[in-house]
>>> print(open('run.txt').read())   # compact mmCIF, C-alpha atoms
# COMPACT_ATOMS: atom_id res chain seq x y z
CA MET A 21 -23.27 -38.88 -20.19
CA ASP A 22 -20.32 -36.87 -21.27
CA GLN A 23 -17.82 -37.01 -18.47
CA THR A 24 -15.19 -34.38 -19.04
CA GLN A 25 -14.17 -34.39 -15.39
CA PRO A 26 -13.14 -37.84 -14.17
CA THR A 27 -14.67 -38.58 -10.79
CA GLY A 28 -12.40 -38.32 -7.81
CA GLN A 29 -9.94 -36.05 -9.56
CA MET A 30 -8.93 -33.03 -7.53
CA PRO A 31 -9.48 -29.68 -9.25
CA PRO A 32 -6.19 -27.94 -10.08
CA PRO A 33 -5.03 -25.27 -7.63
CA ARG A 34 -6.70 -21.90 -7.93
CA PRO A 35 -4.52 -19.66 -10.11
CA LYS A 36 -3.21 -16.41 -8.69
CA ASN A 37 -5.65 -13.63 -9.51
CA TRP A 38 -3.25 -10.66 -9.31
CA LEU A 39 -5.94 -8.52 -7.71
CA VAL A 40 -3.80 -6.75 -5.12
CA GLU A 41 -0.95 -6.27 -7.59
CA SER A 42 -3.39 -4.73 -10.07
CA ILE A 43 -4.69 -2.36 -7.40
CA LEU A 44 -1.11 -1.32 -6.62
CA VAL A 45 -0.39 -0.65 -10.30
CA THR A 46 -3.61 1.37 -10.57
CA LEU A 47 -2.69 3.47 -7.55
CA PHE A 48 1.02 3.98 -8.18
CA CYS A 49 1.68 3.70 -11.88
CA CYS A 50 -1.19 5.92 -12.96
CA LEU A 51 -1.91 3.67 -15.88
CA PRO A 52 -5.02 1.94 -17.17
CA PHE A 53 -3.12 -1.38 -17.25
CA GLY A 54 -3.92 -1.88 -13.58
CA ILE A 55 -7.60 -1.66 -14.44
CA VAL A 56 -7.17 -4.29 -17.18
CA GLY A 57 -5.55 -6.41 -14.45
CA ILE A 58 -8.56 -5.96 -12.16
CA VAL A 59 -10.94 -6.97 -14.97
CA ASN A 60 -8.89 -10.12 -15.58
CA SER A 61 -8.84 -10.86 -11.84
CA ALA A 62 -12.62 -10.89 -11.98
CA SER A 63 -12.61 -13.54 -14.69
CA VAL A 64 -9.99 -15.64 -12.86
CA ASN A 65 -12.40 -15.95 -9.94
CA SER A 66 -15.60 -16.46 -11.90
CA ARG A 67 -14.11 -18.94 -14.39
CA TYR A 68 -12.51 -21.02 -11.66
CA ASP A 69 -15.77 -21.19 -9.75
CA ALA A 70 -17.59 -22.20 -12.93
CA GLY A 71 -15.17 -25.09 -13.35
CA ASP A 72 -13.35 -23.56 -16.31
CA TYR A 73 -9.86 -24.18 -14.97
CA ALA A 74 -8.06 -23.59 -18.27
CA GLY A 75 -9.92 -20.31 -18.73
CA ALA A 76 -9.08 -19.24 -15.20
CA LEU A 77 -5.41 -20.01 -15.78
CA ASN A 78 -5.51 -18.04 -19.02
CA ALA A 79 -7.16 -15.06 -17.30
CA SER A 80 -4.54 -15.30 -14.55
CA GLN A 81 -1.76 -15.11 -17.12
CA GLN A 82 -3.47 -12.13 -18.80
CA ALA A 83 -3.88 -10.35 -15.46
CA GLY A 84 -0.23 -10.99 -14.64
CA LYS A 85 0.89 -9.80 -18.06
CA TRP A 86 -0.97 -6.47 -17.87
CA THR A 87 0.02 -5.87 -14.26
CA LYS A 88 3.69 -6.40 -15.16
CA ILE A 89 3.42 -4.20 -18.27
CA GLY A 90 1.87 -1.46 -16.14
CA PHE A 91 4.56 -1.87 -13.49
CA TRP A 92 7.48 -1.69 -15.92
CA ILE A 93 6.04 1.22 -17.90
CA GLY A 94 5.38 3.06 -14.64
CA LEU A 95 8.93 2.38 -13.51
CA GLY A 96 10.30 3.37 -16.93
CA VAL A 97 8.39 6.66 -16.86
CA CYS A 98 9.80 7.39 -13.38
CA VAL A 99 13.36 6.64 -14.46
CA LEU A 100 13.02 8.71 -17.64
CA TYR A 101 11.48 11.54 -15.66
CA ILE A 102 14.31 11.55 -13.13
CA LEU A 103 16.92 11.46 -15.92
CA PHE A 104 15.08 14.26 -17.71
CA VAL A 105 15.03 16.40 -14.57
CA PHE A 106 18.74 15.90 -14.03
CA VAL A 107 19.55 16.67 -17.66
CA ILE A 108 17.47 19.84 -17.77
CA GLY A 109 18.83 21.00 -14.46
CA VAL A 110 17.39 21.91 -11.13
CA SER A 111 16.49 25.48 -12.15
CA PHE A 112 13.63 24.33 -14.37
CA LEU A 113 11.93 22.21 -11.75
CA PRO A 114 8.15 22.28 -12.02
CA ARG A 115 6.41 23.38 -8.87
CA TYR A 116 3.95 20.53 -8.50
CA SER A 117 4.25 16.80 -8.74
CA ASN A 118 1.92 13.88 -8.57
CA MET B 1 22.21 -20.86 -0.74
CA ILE B 2 19.74 -18.07 -1.30
CA SER B 3 16.71 -18.99 -3.34
CA LYS B 4 15.48 -16.87 -6.23
CA LYS B 5 12.37 -16.01 -4.24
CA GLY B 6 14.46 -14.89 -1.27
CA LEU B 7 16.56 -12.71 -3.54
CA TYR B 8 13.49 -10.97 -4.96
CA PHE B 9 12.09 -10.54 -1.47
CA GLY B 10 15.32 -8.95 -0.24
CA LEU B 11 15.50 -6.70 -3.28
CA GLY B 12 11.86 -5.66 -2.82
CA VAL B 13 12.33 -4.86 0.87
CA THR B 14 15.46 -2.82 0.08
CA ILE B 15 13.69 -0.78 -2.62
CA ILE B 16 10.66 -0.17 -0.37
CA ALA B 17 12.97 0.93 2.47
CA ILE B 18 14.82 3.39 0.18
CA LEU B 19 11.53 4.76 -1.16
CA ALA B 20 10.17 5.11 2.39
CA ILE B 21 13.21 7.19 3.38
CA VAL B 22 12.91 9.36 0.24
CA TYR B 23 9.18 9.92 0.78
CA TYR B 24 9.71 10.60 4.48
CA ARG B 25 12.40 13.20 3.90
CA CYS B 26 10.98 14.99 0.85
CA ASP B 27 7.49 16.39 0.53
CA PRO B 28 6.39 15.75 -3.08
CA SER B 29 4.12 18.81 -2.95
CA LYS B 30 7.21 21.02 -2.48
CA TYR B 31 9.79 19.33 -4.68
CA GLY B 32 9.36 18.98 -8.43
CA LEU B 33 11.80 16.09 -8.55
CA PHE B 34 9.07 13.51 -8.18
CA PRO B 35 7.61 12.06 -11.36
CA LYS B 36 4.32 13.59 -12.38
CA CYS B 37 1.32 11.56 -13.40
CA PRO B 38 1.44 11.07 -17.19
CA PHE B 39 -2.35 10.89 -17.39
CA TYR B 40 -2.72 14.22 -15.59
CA SER B 41 0.04 15.81 -17.68
CA LEU B 42 -1.65 14.74 -20.92
CA THR B 43 -5.31 15.29 -20.12
CA GLY B 44 -5.48 17.60 -17.12
CA TYR B 45 -7.77 15.10 -15.41
CA ASN B 46 -7.00 13.16 -12.23
CA CYS B 47 -6.38 9.44 -12.57
CA PRO B 48 -7.25 7.01 -9.74
CA GLY B 49 -3.63 7.18 -8.54
CA CYS B 50 -3.12 10.95 -8.62
CA GLY B 51 -1.98 12.28 -5.28
CA SER B 52 -0.49 8.95 -4.17
CA GLN B 53 3.02 10.28 -3.67
CA ARG B 54 1.82 13.19 -1.55
CA ALA B 55 -0.51 10.82 0.29
CA ILE B 56 2.42 8.54 1.14
CA TYR B 57 4.47 11.47 2.43
CA ASN B 58 1.60 12.36 4.73
CA LEU B 59 0.99 8.75 5.78
CA LEU B 60 4.65 8.36 6.74
CA HIS B 61 4.20 11.42 8.94
CA GLY B 62 1.09 9.96 10.52
CA ASN B 63 -1.16 12.49 8.86
CA ILE B 64 -3.95 10.21 7.68
CA LYS B 65 -6.48 12.99 7.17
CA GLN B 66 -4.22 14.93 4.80
CA ALA B 67 -3.29 11.68 3.01
CA ALA B 68 -6.99 10.93 2.45
CA ASN B 69 -7.37 14.44 1.09
CA TYR B 70 -4.78 13.69 -1.61
CA ASN B 71 -5.92 10.17 -2.44
CA LEU B 72 -8.80 8.63 -0.53
CA LEU B 73 -8.63 5.38 -2.48
CA LEU B 74 -5.02 4.76 -1.41
CA VAL B 75 -5.89 5.22 2.26
CA LEU B 76 -8.95 2.97 1.94
CA SER B 77 -6.91 0.25 0.23
CA LEU B 78 -4.29 0.12 3.00
CA PRO B 79 -6.09 -2.35 5.29
CA LEU B 80 -6.61 -4.72 2.35
CA LEU B 81 -2.97 -4.43 1.30
CA ALA B 82 -1.79 -4.97 4.88
CA VAL B 83 -3.85 -8.14 5.28
CA HIS B 84 -2.74 -9.43 1.87
CA PHE B 85 0.95 -8.99 2.60
CA PHE B 86 0.53 -10.42 6.10
CA TYR B 87 -0.85 -13.60 4.48
CA LYS B 88 1.96 -13.60 1.92
CA ILE B 89 4.64 -13.45 4.59
CA LYS B 90 2.80 -16.02 6.70
CA SER B 91 2.59 -18.46 3.80
CA ALA B 92 6.29 -17.92 3.02
CA ILE B 93 7.26 -18.71 6.61
CA LEU B 94 4.97 -21.73 6.93
CA GLN B 95 5.86 -22.92 3.38
CA LYS B 96 2.12 -23.18 2.73
CA ASP B 97 -0.10 -21.35 0.30
CA ILE B 98 -2.42 -19.38 2.54
CA ARG B 99 -4.60 -16.89 0.75
CA LEU B 100 -7.12 -14.32 1.76
CA LYS B 101 -10.42 -15.98 0.78
CA MET B 102 -12.14 -12.65 0.27
CA LEU B 103 -9.84 -11.78 -2.65
CA TYR B 104 -10.94 -14.91 -4.47
CA HIS B 105 -14.64 -14.27 -4.08
CA PRO B 106 -16.12 -13.79 -7.57
CA LEU B 107 -17.62 -10.43 -6.59
CA THR B 108 -14.52 -8.85 -5.04
CA PRO B 109 -12.68 -7.81 -8.23
CA LYS B 110 -15.95 -6.53 -9.73
CA ILE B 111 -16.68 -4.37 -6.69
CA ILE B 112 -13.10 -3.05 -6.68
CA PHE B 113 -13.32 -2.31 -10.39
CA ALA B 114 -16.55 -0.39 -9.86
CA VAL B 115 -15.09 1.53 -6.90
CA VAL B 116 -11.97 2.50 -8.90
CA VAL B 117 -13.99 3.69 -11.91
CA ILE B 118 -16.52 5.60 -9.78
CA PHE B 119 -13.67 7.20 -7.84
CA TRP B 120 -11.91 8.12 -11.10
CA ILE B 121 -15.03 9.83 -12.51
CA ALA B 122 -16.14 11.43 -9.25
CA ARG B 123 -12.80 13.08 -8.48
CA ASN B 124 -12.91 14.86 -11.83
CA ILE B 125 -16.35 16.41 -11.29
CA PRO B 126 -15.67 20.07 -10.51
CA ALA B 127 -18.52 20.42 -8.01
CA GLU B 128 -18.53 20.67 -4.24
CA PRO B 129 -18.87 17.19 -2.72
CA PHE B 130 -16.82 15.53 -5.49
CA SER B 131 -14.01 18.07 -5.64
CA TYR B 132 -12.88 16.91 -2.16
CA LEU B 133 -11.81 13.67 -3.85
CA ALA B 134 -9.50 15.46 -6.32
CA ALA B 135 -5.77 15.40 -5.73
CA ASN B 136 -5.60 19.25 -5.73
CA HIS B 137 -2.88 19.58 -8.32
>>> encode(input="run.txt", output="structure tokens")
Amino acid sequence: MDQTQPTGQMPPPRPKNWLVESILVTLFCCLPFGIVGIVNSASVNSRYDAGDYAGALNASQQAGKWTKIGFWIGLGVCVLYILFVFVIGVSFLPRYSN
Amino acid sequence: MISKKGLYFGLGVTIIAILAIVYYRCDPSKYGLFPKCPFYSLTGYNCPGCGSQRAIYNLLHGNIKQAANYNLLLVLSLPLLAVHFFYKIKSAILQKDIRLKMLYHPLTPKIIFAVVVIFWIARNIPAEPFSYLAANH
């Protein structure tokens, strides 16, 4: 019998699934990266439960990566937008915002 | 000595406090200073997050109904976010990793993904029951 998992060994801790962070990025950064994060969260949970700890860890890192990319791009867009508004001047303010 | 984690926590709380004051004082539906959604600007369609800034303004003023009108998904996600951050703070205080079990259920992210996508599509359907979900740009 092929024993890949030595008996008595504790499974590694469940990796962070970034689910809530992905939801926040989806709601506030208006970017599809949050959705990529949610998809990866799903595979963190299912892979860990299937015993694929390395895969779960990998999915966790992917989820974290996309969530952070979404966060920083969202923040960058905000900063650029604010700079843009100040450069153009208050007289050209659009009437509606997000 | 302040730990790196404590520093991030303090920085996060400060930024959230500043944002809360800004969003309490200024109504994003009246001022154009707030950043617009890039997805909406490019496509003319609502994204799942459209209306969030106006929803937060209304939430800070206790106007949950109006907030839900701008972004229902944001209002619905609040209880989940509240519980999640309660657990985070609790595990930081107790120096123990306490997590909300529900978030780690294999079905949870799939259901949330489905809800987000359905919400995204539905709020862009220009017909009566669905148009209530739109952010009313």
>>> residues_near_point(input="run.txt", point="(-0.8, -4.4, -9.4)", cutoff="12 Å", atoms="all atoms listed in the file", output="NGL selection string")
(:A and (37-61 or 83-92 or 94)) or (:B and (49 or 81))
>>> atom_distance(input="run.txt", atom1="CA of Asn46 in chain B", atom2="CA of Trp120 in chain B")
7.1 Å
>>> interface_residues(input="run.txt", of="chain B", to="chain A", cutoff="8 Å", atoms="all atoms listed in the file", output="count of residues only")
34
>>> atom_distance(input="run.txt", atom1="CA of Ser41 in chain B", atom2="CA of Ala135 in chain B")
13.3 Å
>>> atom_distance(input="run.txt", atom1="CA of Leu100 in chain B", atom2="CA of Pro79 in chain B")
12.5 Å
>>> axis_aligned_box(input="run.txt", around="range 106-125 of chain B", padding_each_side="4 Å", output="lines of an AutoDock Vina configuration file")
center_x = -14.8
center_y = 1.3
center_z = -8.8
size_x = 13.7
size_y = 38.2
size_z = 15.5
